[in-house]
file final10.txt (compact mmCIF, C-alpha atoms)
# COMPACT_ATOMS: atom_id res chain seq x y z
CA MET A 230 16.43 -39.48 29.73
CA HIS A 231 14.67 -38.63 26.50
CA VAL A 232 12.79 -41.61 25.09
CA PRO A 233 12.64 -41.59 21.27
CA PRO A 234 9.16 -42.19 19.85
CA GLY A 235 10.50 -45.06 17.73
CA LEU A 236 12.16 -46.84 20.66
CA PRO A 237 9.90 -49.96 20.60
CA TRP A 238 10.85 -50.64 16.98
CA THR A 239 14.49 -49.79 17.60
CA LEU A 240 14.70 -52.38 20.35
CA LEU A 241 13.91 -55.06 17.77
CA LEU A 242 17.07 -54.30 15.81
CA PRO A 243 19.54 -56.09 18.15
CA PHE A 244 17.45 -59.25 17.95
CA VAL A 245 17.40 -59.08 14.15
CA LEU A 246 21.19 -58.62 14.06
CA LEU A 247 21.71 -61.42 16.56
CA VAL A 248 19.64 -63.82 14.46
CA THR A 249 21.58 -62.79 11.35
CA LEU A 250 24.92 -63.35 13.08
CA ARG A 251 23.80 -66.68 14.43
CA VAL A 252 22.72 -67.83 10.97
CA ARG A 253 26.05 -66.76 9.50
CA ALA A 254 27.94 -68.43 12.33
CA GLY A 255 26.06 -71.67 11.76
CA ARG A 256 26.87 -71.52 8.07
CA ASN A 257 30.55 -70.95 8.81
CA ARG A 258 30.62 -73.76 11.34
CA LYS A 259 29.17 -76.31 8.95
CA LEU A 260 31.53 -75.28 6.18
CA GLU A 261 34.48 -75.32 8.56
CA GLU A 262 33.62 -78.83 9.66
CA TYR A 263 33.45 -79.85 6.03
CA LEU A 264 36.78 -78.27 5.07
CA SER A 265 38.93 -78.90 8.07
CA GLY A 266 36.81 -80.33 10.80
CA GLY A 267 37.91 -77.52 12.77
CA ARG A 268 36.72 -74.07 13.82
CA GLY A 269 34.02 -72.75 16.09
CA ALA A 270 31.27 -70.22 15.36
CA GLU A 271 32.38 -66.70 14.35
CA LEU A 272 30.73 -63.93 16.35
CA TRP A 273 33.62 -61.46 16.07
CA PRO A 274 36.01 -60.96 13.09
CA SER A 275 39.41 -62.59 13.60
CA HIS A 276 42.55 -63.45 11.64
CA GLY A 277 41.51 -67.05 11.41
CA VAL A 278 38.28 -66.43 9.54
CA ALA A 279 38.98 -63.36 7.45
CA ALA A 280 39.51 -63.59 3.73
CA PRO A 281 43.12 -63.38 2.61
CA VAL A 282 42.86 -59.62 1.94
CA PRO A 283 45.21 -57.57 4.15
CA GLY A 284 43.42 -55.55 6.81
CA ARG A 285 39.88 -56.71 6.01
CA TRP A 286 39.33 -58.27 9.43
CA ARG A 287 40.25 -54.93 10.98
CA LEU A 288 37.72 -53.12 8.78
CA ARG A 289 35.03 -55.60 9.81
CA ALA A 290 35.89 -55.19 13.45
CA LEU A 291 35.75 -51.40 13.05
CA LEU A 292 32.35 -51.55 11.36
CA LEU A 293 30.96 -53.88 13.99
CA GLY A 294 32.21 -51.68 16.82
CA MET A 295 30.97 -48.49 15.14
CA GLY A 296 27.54 -49.99 14.49
CA GLY A 297 27.19 -51.20 18.06
CA LEU A 298 28.28 -47.85 19.47
CA ALA A 299 25.87 -45.92 17.19
CA LEU A 300 23.05 -48.24 18.17
CA GLY A 301 23.74 -47.75 21.87
CA VAL A 302 23.84 -43.97 21.55
CA ALA A 303 20.64 -44.00 19.45
CA LEU A 304 18.83 -45.83 22.23
CA ALA A 305 19.73 -42.94 24.58
CA GLY A 306 17.69 -40.60 22.34
CA PRO A 307 20.11 -37.68 21.82
CA THR A 308 18.96 -34.43 20.23
CA LEU A 309 20.83 -32.40 17.63
CA GLY A 310 19.32 -29.04 18.58
CA THR A 311 15.82 -27.64 18.20
CA ARG A 312 13.46 -26.79 15.38
CA THR A 313 10.77 -24.12 15.27
CA VAL A 314 7.26 -25.25 14.39
CA LEU A 315 4.14 -23.14 13.88
CA VAL A 316 1.19 -24.93 15.39
CA PRO A 317 -2.10 -23.48 14.06
CA ARG A 318 -4.49 -22.59 16.81
CA ALA A 319 -7.32 -25.07 16.98
CA PRO A 320 -10.76 -23.66 16.26
CA ALA A 321 -12.26 -22.49 19.54
CA PRO A 322 -15.97 -22.90 20.24
CA VAL A 323 -18.40 -20.00 19.97
CA VAL A 324 -21.46 -19.77 22.19
CA LEU A 325 -24.25 -17.53 20.93
CA LEU A 326 -26.20 -15.81 23.71
CA LEU A 327 -29.45 -14.73 22.07
CA ASP A 328 -31.66 -12.26 23.89
CA VAL A 329 -35.32 -13.30 23.55
CA SER A 330 -36.81 -10.87 26.03
CA ARG A 331 -39.88 -8.90 24.97
CA SER A 332 -37.84 -5.77 24.28
CA MET A 333 -36.29 -7.63 21.31
CA ASP A 334 -39.67 -7.37 19.54
CA VAL A 335 -39.25 -3.60 19.19
CA GLN A 336 -39.20 -2.51 15.55
CA ASP A 337 -36.77 0.43 15.86
CA VAL A 338 -34.40 -1.16 13.29
CA PRO A 339 -35.25 -2.75 9.94
CA ARG A 340 -37.04 -6.09 10.47
CA GLY A 341 -36.87 -5.59 14.24
CA ARG A 342 -34.24 -6.27 16.89
CA LEU A 343 -34.72 -10.02 17.12
CA ASP A 344 -34.49 -10.57 13.38
CA ALA A 345 -31.38 -8.38 13.29
CA ALA A 346 -29.81 -10.59 15.98
CA ARG A 347 -30.79 -13.73 14.05
CA ILE A 348 -29.12 -12.39 10.91
CA VAL A 349 -25.87 -11.86 12.82
CA ALA A 350 -26.12 -15.39 14.26
CA ARG A 351 -26.57 -16.78 10.76
CA ARG A 352 -23.52 -14.89 9.58
CA VAL A 353 -21.53 -16.40 12.46
CA ALA A 354 -22.65 -19.88 11.41
CA ALA A 355 -21.60 -19.19 7.82
CA ARG A 356 -18.21 -17.66 8.62
CA ALA A 357 -17.08 -19.83 11.53
CA SER A 358 -17.05 -22.92 9.34
CA ARG A 359 -14.72 -25.01 11.51
CA GLU A 360 -15.87 -23.99 14.98
CA GLU A 361 -18.41 -25.77 17.10
CA LEU A 362 -21.32 -23.49 17.94
CA ALA A 363 -23.81 -23.51 20.79
CA LEU A 364 -26.98 -21.49 21.32
CA ILE A 365 -28.30 -20.14 24.62
CA ALA A 366 -31.54 -18.18 24.77
CA PHE A 367 -32.04 -15.83 27.67
CA ALA A 368 -34.59 -13.43 29.08
CA GLY A 369 -35.30 -13.46 32.82
CA GLU A 370 -33.36 -16.73 32.87
CA ALA A 371 -31.00 -18.54 30.52
CA TYR A 372 -31.75 -21.80 28.73
CA LEU A 373 -29.42 -23.96 26.65
CA LEU A 374 -31.13 -24.64 23.32
CA LEU A 375 -28.20 -26.31 21.53
CA PRO A 376 -25.00 -27.71 23.08
CA LEU A 377 -21.73 -27.33 21.21
CA SER A 378 -22.27 -28.85 17.80
CA ALA A 379 -21.04 -28.65 14.22
CA ASP A 380 -24.58 -29.22 12.90
CA ARG A 381 -25.42 -25.91 11.23
CA GLU A 382 -28.88 -26.97 10.08
CA LEU A 383 -29.89 -27.78 13.63
CA LEU A 384 -28.59 -24.43 14.82
CA LEU A 385 -30.53 -22.54 12.15
CA GLY A 386 -33.66 -24.45 13.09
CA PHE A 387 -33.35 -23.36 16.73
CA LEU A 388 -32.66 -19.78 15.65
CA ASP A 389 -35.84 -19.68 13.56
CA GLY A 390 -37.89 -20.98 16.48
CA ALA A 391 -36.48 -18.62 19.12
CA ASP A 392 -38.76 -15.68 19.86
CA SER A 393 -39.94 -13.65 22.82
CA GLY A 394 -42.54 -16.28 23.72
CA LEU A 395 -39.93 -19.00 24.23
CA LEU A 396 -39.20 -18.34 27.90
CA SER A 397 -41.87 -17.71 30.49
CA SER A 398 -39.62 -15.76 32.84
CA GLN A 399 -39.29 -12.29 31.35
CA GLY A 400 -36.74 -9.56 31.93
CA THR A 401 -33.14 -9.53 30.72
CA ASP A 402 -30.63 -11.35 32.94
CA LEU A 403 -27.32 -10.94 31.12
CA ALA A 404 -25.34 -12.25 34.07
CA ALA A 405 -27.31 -15.52 34.07
CA ALA A 406 -26.66 -15.92 30.34
CA LEU A 407 -22.92 -15.41 30.83
CA ARG A 408 -22.84 -17.90 33.70
CA GLU A 409 -24.70 -20.48 31.61
CA GLY A 410 -22.23 -20.02 28.76
CA THR A 411 -19.29 -20.29 31.13
CA GLU A 412 -20.58 -23.54 32.59
CA LEU A 413 -21.03 -24.92 29.08
CA LEU A 414 -17.43 -24.11 28.17
CA ARG A 415 -16.13 -25.53 31.44
CA GLU A 416 -17.35 -28.90 30.25
CA VAL A 417 -14.83 -28.72 27.40
CA ALA A 418 -12.07 -27.28 29.60
CA LEU A 419 -12.68 -23.76 28.24
CA PRO A 420 -10.17 -23.76 25.33
CA ALA A 421 -8.22 -20.53 24.98
CA GLY A 422 -10.05 -18.13 22.70
CA SER A 423 -13.50 -19.57 23.36
CA THR A 424 -16.03 -16.82 22.73
CA LEU A 425 -19.36 -15.92 24.27
CA LEU A 426 -21.10 -13.72 21.72
CA VAL A 427 -23.96 -11.69 23.20
CA LEU A 428 -26.70 -10.70 20.74
CA SER A 429 -28.91 -8.26 22.64
CA ASP A 430 -30.30 -4.76 22.94
CA GLY A 431 -28.51 -4.45 26.29
CA GLU A 432 -31.63 -3.50 28.22
CA ALA A 433 -30.70 -5.38 31.39
CA HIS A 434 -32.75 -5.55 34.56
CA HIS A 435 -29.97 -6.54 36.97
CA PRO A 436 -27.07 -4.58 38.51
CA GLU A 437 -24.42 -3.66 35.96
CA GLU A 438 -21.58 -4.67 38.27
CA GLU A 439 -22.95 -8.21 38.46
CA ILE A 440 -22.97 -8.41 34.66
CA LEU A 441 -19.43 -7.06 34.30
CA ARG A 442 -18.17 -9.37 37.02
CA ALA A 443 -19.51 -12.38 35.10
CA ALA A 444 -17.73 -11.13 31.96
CA ARG A 445 -14.45 -10.65 33.82
CA GLU A 446 -14.70 -14.19 35.14
CA VAL A 447 -14.91 -15.51 31.59
CA ARG A 448 -11.81 -13.51 30.68
CA GLU A 449 -9.88 -14.79 33.70
CA LEU A 450 -10.62 -18.34 32.59
CA GLY A 451 -9.17 -17.69 29.12
CA GLY A 452 -12.41 -16.99 27.29
CA ILE A 453 -13.67 -13.88 25.49
CA VAL A 454 -16.94 -12.01 25.69
CA SER A 455 -17.96 -10.03 22.62
CA ALA A 456 -21.26 -8.31 21.89
CA VAL A 457 -23.37 -7.17 18.98
CA GLY A 458 -25.93 -4.53 19.93
CA VAL A 459 -29.26 -4.33 18.14
CA GLY A 460 -31.75 -1.52 18.49
CA THR A 461 -31.41 2.22 18.90
CA GLU A 462 -30.98 4.40 21.93
CA ALA A 463 -34.12 6.29 20.87
CA GLY A 464 -35.99 3.02 21.22
CA GLY A 465 -39.51 2.09 20.29
CA VAL A 466 -42.81 0.68 21.46
CA VAL A 467 -42.82 -2.84 22.88
CA PRO A 468 -45.60 -4.76 21.09
CA PRO A 469 -48.05 -6.97 23.00
CA PRO A 470 -46.64 -10.30 24.16
CA PRO A 471 -47.06 -13.32 21.89
CA ALA A 472 -49.19 -16.28 22.86
CA PRO A 473 -47.60 -18.30 25.68
CA ARG A 474 -45.92 -21.63 24.96
CA PRO A 475 -46.80 -24.00 27.77
CA GLY A 476 -44.37 -26.80 28.48
CA LEU A 477 -41.27 -25.23 26.95
CA MET A 478 -39.94 -23.87 30.22
CA PRO A 479 -40.87 -24.10 33.90
CA ALA A 480 -43.48 -21.59 34.90
CA GLY A 481 -42.07 -18.20 35.81
CA ALA A 482 -43.21 -14.68 36.46
CA GLN A 483 -44.90 -13.04 33.51
CA ALA A 484 -43.47 -9.77 32.23
CA GLU A 485 -45.25 -6.71 33.49
CA THR A 486 -46.27 -4.53 30.58
CA GLY A 487 -47.75 -1.76 32.67
CA ARG A 488 -50.51 0.42 31.33
CA GLY A 489 -50.39 1.96 27.93
CA GLU A 490 -47.57 1.21 25.54
CA PRO A 491 -44.26 0.27 27.19
CA TRP A 492 -41.15 1.83 25.65
CA SER A 493 -37.75 0.19 25.26
CA ARG A 494 -34.40 1.90 24.62
CA ALA A 495 -31.31 -0.10 23.66
CA ARG A 496 -28.40 0.09 26.11
CA LEU A 497 -25.49 -0.08 23.69
CA ASP A 498 -23.21 1.62 26.22
CA LEU A 499 -23.66 -1.33 28.60
CA LEU A 500 -22.74 -3.78 25.85
CA VAL A 501 -19.60 -1.78 25.11
CA ARG A 502 -18.51 -2.04 28.75
CA LEU A 503 -19.46 -5.71 28.75
CA ALA A 504 -17.16 -6.42 25.80
CA GLU A 505 -14.34 -4.42 27.41
CA ALA A 506 -14.68 -6.40 30.64
CA GLY A 507 -14.69 -9.67 28.69
CA GLY A 508 -11.67 -8.79 26.55
CA GLY A 509 -13.67 -8.93 23.35
CA SER A 510 -15.13 -6.58 20.77
CA PHE A 511 -18.36 -4.66 20.35
CA ALA A 512 -20.20 -3.93 17.13
CA SER A 513 -23.44 -2.14 16.52
CA GLY A 514 -25.87 -4.02 14.34
CA ALA A 515 -26.46 -0.78 12.47
CA ASP A 516 -22.80 -0.74 11.35
CA PRO A 517 -22.27 -3.59 8.84
CA SER A 518 -18.52 -3.01 8.58
CA ALA A 519 -18.08 -3.24 12.37
CA VAL A 520 -20.11 -6.45 12.47
CA THR A 521 -18.04 -7.89 9.63
CA ALA A 522 -14.80 -7.05 11.44
CA LEU A 523 -16.05 -8.71 14.61
CA LEU A 524 -17.16 -11.83 12.78
CA GLU A 525 -13.84 -12.15 10.97
CA GLY A 526 -12.24 -12.65 14.36
CA LEU A 527 -14.54 -15.61 14.92
CA ALA A 528 -14.09 -17.15 11.47
CA GLY A 529 -11.88 -20.13 10.85
CA GLU A 530 -9.53 -18.20 8.56
CA GLY A 531 -8.69 -15.86 11.43
CA ARG A 532 -7.57 -18.79 13.59
CA THR A 533 -4.85 -20.30 11.42
CA LEU A 534 -1.27 -19.03 11.19
CA GLU A 535 -2.18 -15.57 12.44
CA GLY A 536 -2.98 -17.03 15.84
CA ALA A 537 -0.47 -19.87 15.58
CA GLU A 538 1.67 -20.82 18.52
CA VAL A 539 5.45 -20.94 17.98
CA VAL A 540 6.76 -24.16 19.50
CA GLU A 541 10.40 -25.20 19.86
CA LEU A 542 10.65 -28.95 19.36
CA PRO A 543 13.79 -31.07 19.79
CA LEU A 544 15.51 -32.23 16.62
CA GLU A 545 15.81 -35.95 17.17
CA GLY A 546 19.24 -37.42 16.54
CA TRP A 547 18.40 -41.09 17.03
CA PRO A 548 17.13 -41.70 13.45
CA TRP A 549 20.50 -40.63 12.03
CA LEU A 550 22.44 -42.76 14.51
CA LEU A 551 20.14 -45.69 13.87
CA ALA A 552 20.71 -45.32 10.12
CA LEU A 553 24.48 -45.25 10.74
CA ALA A 554 24.25 -48.37 12.88
CA VAL A 555 22.25 -50.23 10.24
CA LEU A 556 24.68 -49.16 7.51
CA ALA A 557 27.78 -50.16 9.47
CA LEU A 558 26.40 -53.50 10.59
CA SER A 559 25.07 -54.26 7.12
CA LEU A 560 28.48 -53.59 5.59
CA GLU A 561 30.08 -55.82 8.20
CA LEU A 562 27.70 -58.61 7.25
CA VAL A 563 28.44 -58.10 3.56
CA LEU A 564 32.17 -58.17 4.20
CA GLY A 565 31.80 -61.31 6.26
CA THR A 566 33.55 -64.13 4.39
CA LEU A 567 33.64 -67.85 4.53
CA PRO A 568 36.11 -69.25 7.06
CA ARG A 569 39.41 -70.64 5.97
CA THR A 570 41.42 -73.51 7.29
CA VAL A 571 45.13 -73.35 7.84
CA ALA A 572 45.55 -76.97 6.99
CA GLU A 573 47.93 -77.37 4.05
CA GLY A 574 47.43 -73.67 3.19
CA LYS A 575 43.95 -74.24 1.74
CA VAL A 576 41.45 -71.44 1.83
CA GLY A 577 37.71 -72.14 2.09
CA ALA A 578 35.76 -70.62 -0.76
call {"tool": "encode", "arguments": {"input": "final10.txt", "output": "structure tokens"}}
result
Amino acid sequence: MHVPPGLPWTLLLPFVLLVTLRVRAGRNRKLEEYLSGGRGAELWPSHGVAAPVPGRWRLRALLLGMGGLALGVALAGPTLGTRTVLVPRAPAPVVLLLDVSRSMDVQDVPRGRLDAARIVARRVAARASREELALIAFAGEAYLLLPLSADRELLLGFLDGADSGLLSSQGTDLAAALREGTELLREVALPAGSTLLVLSDGEAHHPEEEILRAAREVRELGGIVSAVGVGTEAGGVVPPPPAPRPGLMPAGAQAETGRGEPWSRARLDLLVRLAEAGGGSFASGADPSAVTALLEGLAGEGRTLEGAEVVELPLEGWPWLLALAVLALSLELVLGTLPRTVAEGKVGA
């Protein structure tokens, strides 16, 4: 049985009508006693209490029966068909996975790889105006800097403070970053369309299959993995490490720089396969139009009617039946007349 949403209020109607009828019956009884000392309370129209207009008692009886029947059917909650409704897709959270390994200090792109990644992250914050954003920094391990939040100023503050000296464990563990992002989204039931956006040069130090498996797991859960690659395949010299930051993270293995000047080459091909495995998109930081297209998919305007869900909802019939019941019973009350007495042919007025 379908229960109408207005059922609690509808159930009050019979009590209101009963009180009204009781009041009218009491009025009729007192007047009847005054006029003829005679008739009982009127709860149903009859010849003895109808005004001397032919057929009016039948009309009142018809209205009362129709109103009662409509009220009973309304309580059953019938539907009159269905209606199509477009439900805009709710903004899904975006988790930024920012690579802060030492290779991100390479200056093979304008302003360097890390600054290029920060610029993309800032553009995400500006475009995805309705989404909650989170920030995870990763190198040899992943660390949650900012849980899902709508506070853009706080996010920008963490972005400005994230550099290659943030984490003591060096290397690039993309799989750990994806797992950390997945666990974060599990806490909010991983809404469909939730995105893990990797901002990295793709120079990973773990098996590729492990990374792709983590991306496929996100996709199976309803999320998306996209990537923006920074750096060039030609690469560049890795500068000396910055001063350590004691206390920020548990102690870990220091990155091995080797002798001489270490060289880092971006692995954009790995990021392409990562995005394919995660069902998302890839954009090179050197291609502004590709980055813009990727970010438009994350922006709030791309998650309105274009991604809306078509829902068939029942067209409730009870409001119309309830209105009919109220109309019929109200008319019956209006047509209700003062009782008459048959004594000496006098009619009560």
call {"tool": "closest_residue", "arguments": {"input": "final10.txt", "among": "A:Ser378, A:Ser429, A:Thr411, A:Thr308", "to": "Glu446 of chain A", "atoms": "all atoms listed in the file"}}
result
A:Thr411
call {"tool": "atom_distance", "arguments": {"input": "final10.txt", "atom1": "atom CA of Val329 of chain A", "atom2": "atom CA of His434 of chain A"}}
result
13.7 Å
call {"tool": "closest_residue", "arguments": {"input": "final10.txt", "among": "A:Ile440, A:Leu428, A:Val454, A:Gly297", "to": "Leu247 of chain A", "atoms": "all atoms listed in the file"}}
result
A:Gly297
call {"tool": "atom_distance", "arguments": {"input": "final10.txt", "atom1": "atom CA of His435 of chain A", "atom2": "atom CA of Gln336 of chain A"}}
result
23.7 Å
call {"tool": "closest_residue", "arguments": {"input": "final10.txt", "among": "A:Asp430, A:Glu545, A:Glu370, A:Asp334", "to": "Glu462 of chain A", "atoms": "only C-alpha atoms"}}
result
A:Asp430
call {"tool": "closest_residue", "arguments": {"input": "final10.txt", "among": "A:Arg381, A:Arg415, A:Arg494, A:Arg312", "to": "Ala354 of chain A", "atoms": "all atoms listed in the file"}}
result
A:Arg381
call {"tool": "atom_distance", "arguments": {"input": "final10.txt", "atom1": "atom CA of Leu396 of chain A", "atom2": "atom CA of Ala368 of chain A"}}
result
6.8 Å
call {"tool": "residues_around", "arguments": {"input": "final10.txt", "residues": "Ala504 of chain A", "least_positions_apart": "6", "cutoff": "8 Å", "atoms": "only C-alpha atoms", "output": "list in words"}}
result
Ala444, Val454, Ser455, Ala456, Ser510 and Phe511 of chain A
call {"tool": "residues_around", "arguments": {"input": "final10.txt", "residues": "Ser513 of chain A", "least_positions_apart": "6", "cutoff": "7 Å", "atoms": "all atoms listed in the file", "output": "ChimeraX atom specification"}}
result
/A:457-459,519-520
call {"tool": "residues_around", "arguments": {"input": "final10.txt", "residues": "Leu527 of chain A", "least_positions_apart": "5", "cutoff": "12 Å", "atoms": "all atoms listed in the file", "output": "short mmCIF file (atom, residue, chain, number, x, y, z; two decimals) with C-alpha atoms, in the coordinates of the input"}}
result
data_model
loop_
_atom_site.label_atom_id
_atom_site.label_comp_id
_atom_site.auth_asym_id
_atom_site.auth_seq_id
_atom_site.Cartn_x
_atom_site.Cartn_y
_atom_site.Cartn_z
CA PRO A 320 -10.76 -23.66 16.26
CA ALA A 321 -12.26 -22.49 19.54
CA PRO A 322 -15.97 -22.90 20.24
CA VAL A 323 -18.40 -20.00 19.97
CA VAL A 324 -21.46 -19.77 22.19
CA LEU A 325 -24.25 -17.53 20.93
CA ALA A 350 -26.12 -15.39 14.26
CA ARG A 352 -23.52 -14.89 9.58
CA VAL A 353 -21.53 -16.40 12.46
CA ALA A 354 -22.65 -19.88 11.41
CA ALA A 355 -21.60 -19.19 7.82
CA ARG A 356 -18.21 -17.66 8.62
CA ALA A 357 -17.08 -19.83 11.53
CA SER A 358 -17.05 -22.92 9.34
CA ARG A 359 -14.72 -25.01 11.51
CA GLU A 360 -15.87 -23.99 14.98
CA GLU A 361 -18.41 -25.77 17.10
CA LEU A 362 -21.32 -23.49 17.94
CA GLY A 422 -10.05 -18.13 22.70
CA SER A 423 -13.50 -19.57 23.36
CA THR A 424 -16.03 -16.82 22.73
CA LEU A 425 -19.36 -15.92 24.27
CA LEU A 426 -21.10 -13.72 21.72
CA ILE A 453 -13.67 -13.88 25.49
CA VAL A 454 -16.94 -12.01 25.69
CA SER A 455 -17.96 -10.03 22.62
CA GLY A 509 -13.67 -8.93 23.35
CA SER A 510 -15.13 -6.58 20.77
CA VAL A 520 -20.11 -6.45 12.47
CA THR A 521 -18.04 -7.89 9.63
CA ALA A 522 -14.80 -7.05 11.44
CA ARG A 532 -7.57 -18.79 13.59
CA THR A 533 -4.85 -20.30 11.42
CA GLY A 536 -2.98 -17.03 15.84
#
call {"tool": "closest_atom_pairs", "arguments": {"input": "final10.txt", "of": "segment 292-348 of chain A", "to": "segment 495-501 of chain A", "cutoff": "12 Å", "atoms": "all atoms listed in the file", "output": "JSON lines"}}
result
{"residue": "A:Ser332", "atom": "CA", "partner": "A:Ala495", "partner_atom": "CA", "distance": 8.7}
{"residue": "A:Met333", "atom": "CA", "partner": "A:Ala495", "partner_atom": "CA", "distance": 9.3}
{"residue": "A:Asp334", "atom": "CA", "partner": "A:Ala495", "partner_atom": "CA", "distance": 11.8}
{"residue": "A:Val335", "atom": "CA", "partner": "A:Ala495", "partner_atom": "CA", "distance": 9.8}
{"residue": "A:Gln336", "atom": "CA", "partner": "A:Ala495", "partner_atom": "CA", "distance": 11.6}
{"residue": "A:Asp337", "atom": "CA", "partner": "A:Ala495", "partner_atom": "CA", "distance": 9.5}
{"residue": "A:Val338", "atom": "CA", "partner": "A:Ala495", "partner_atom": "CA", "distance": 10.9}
{"residue": "A:Arg342", "atom": "CA", "partner": "A:Ala495", "partner_atom": "CA", "distance": 9.6}
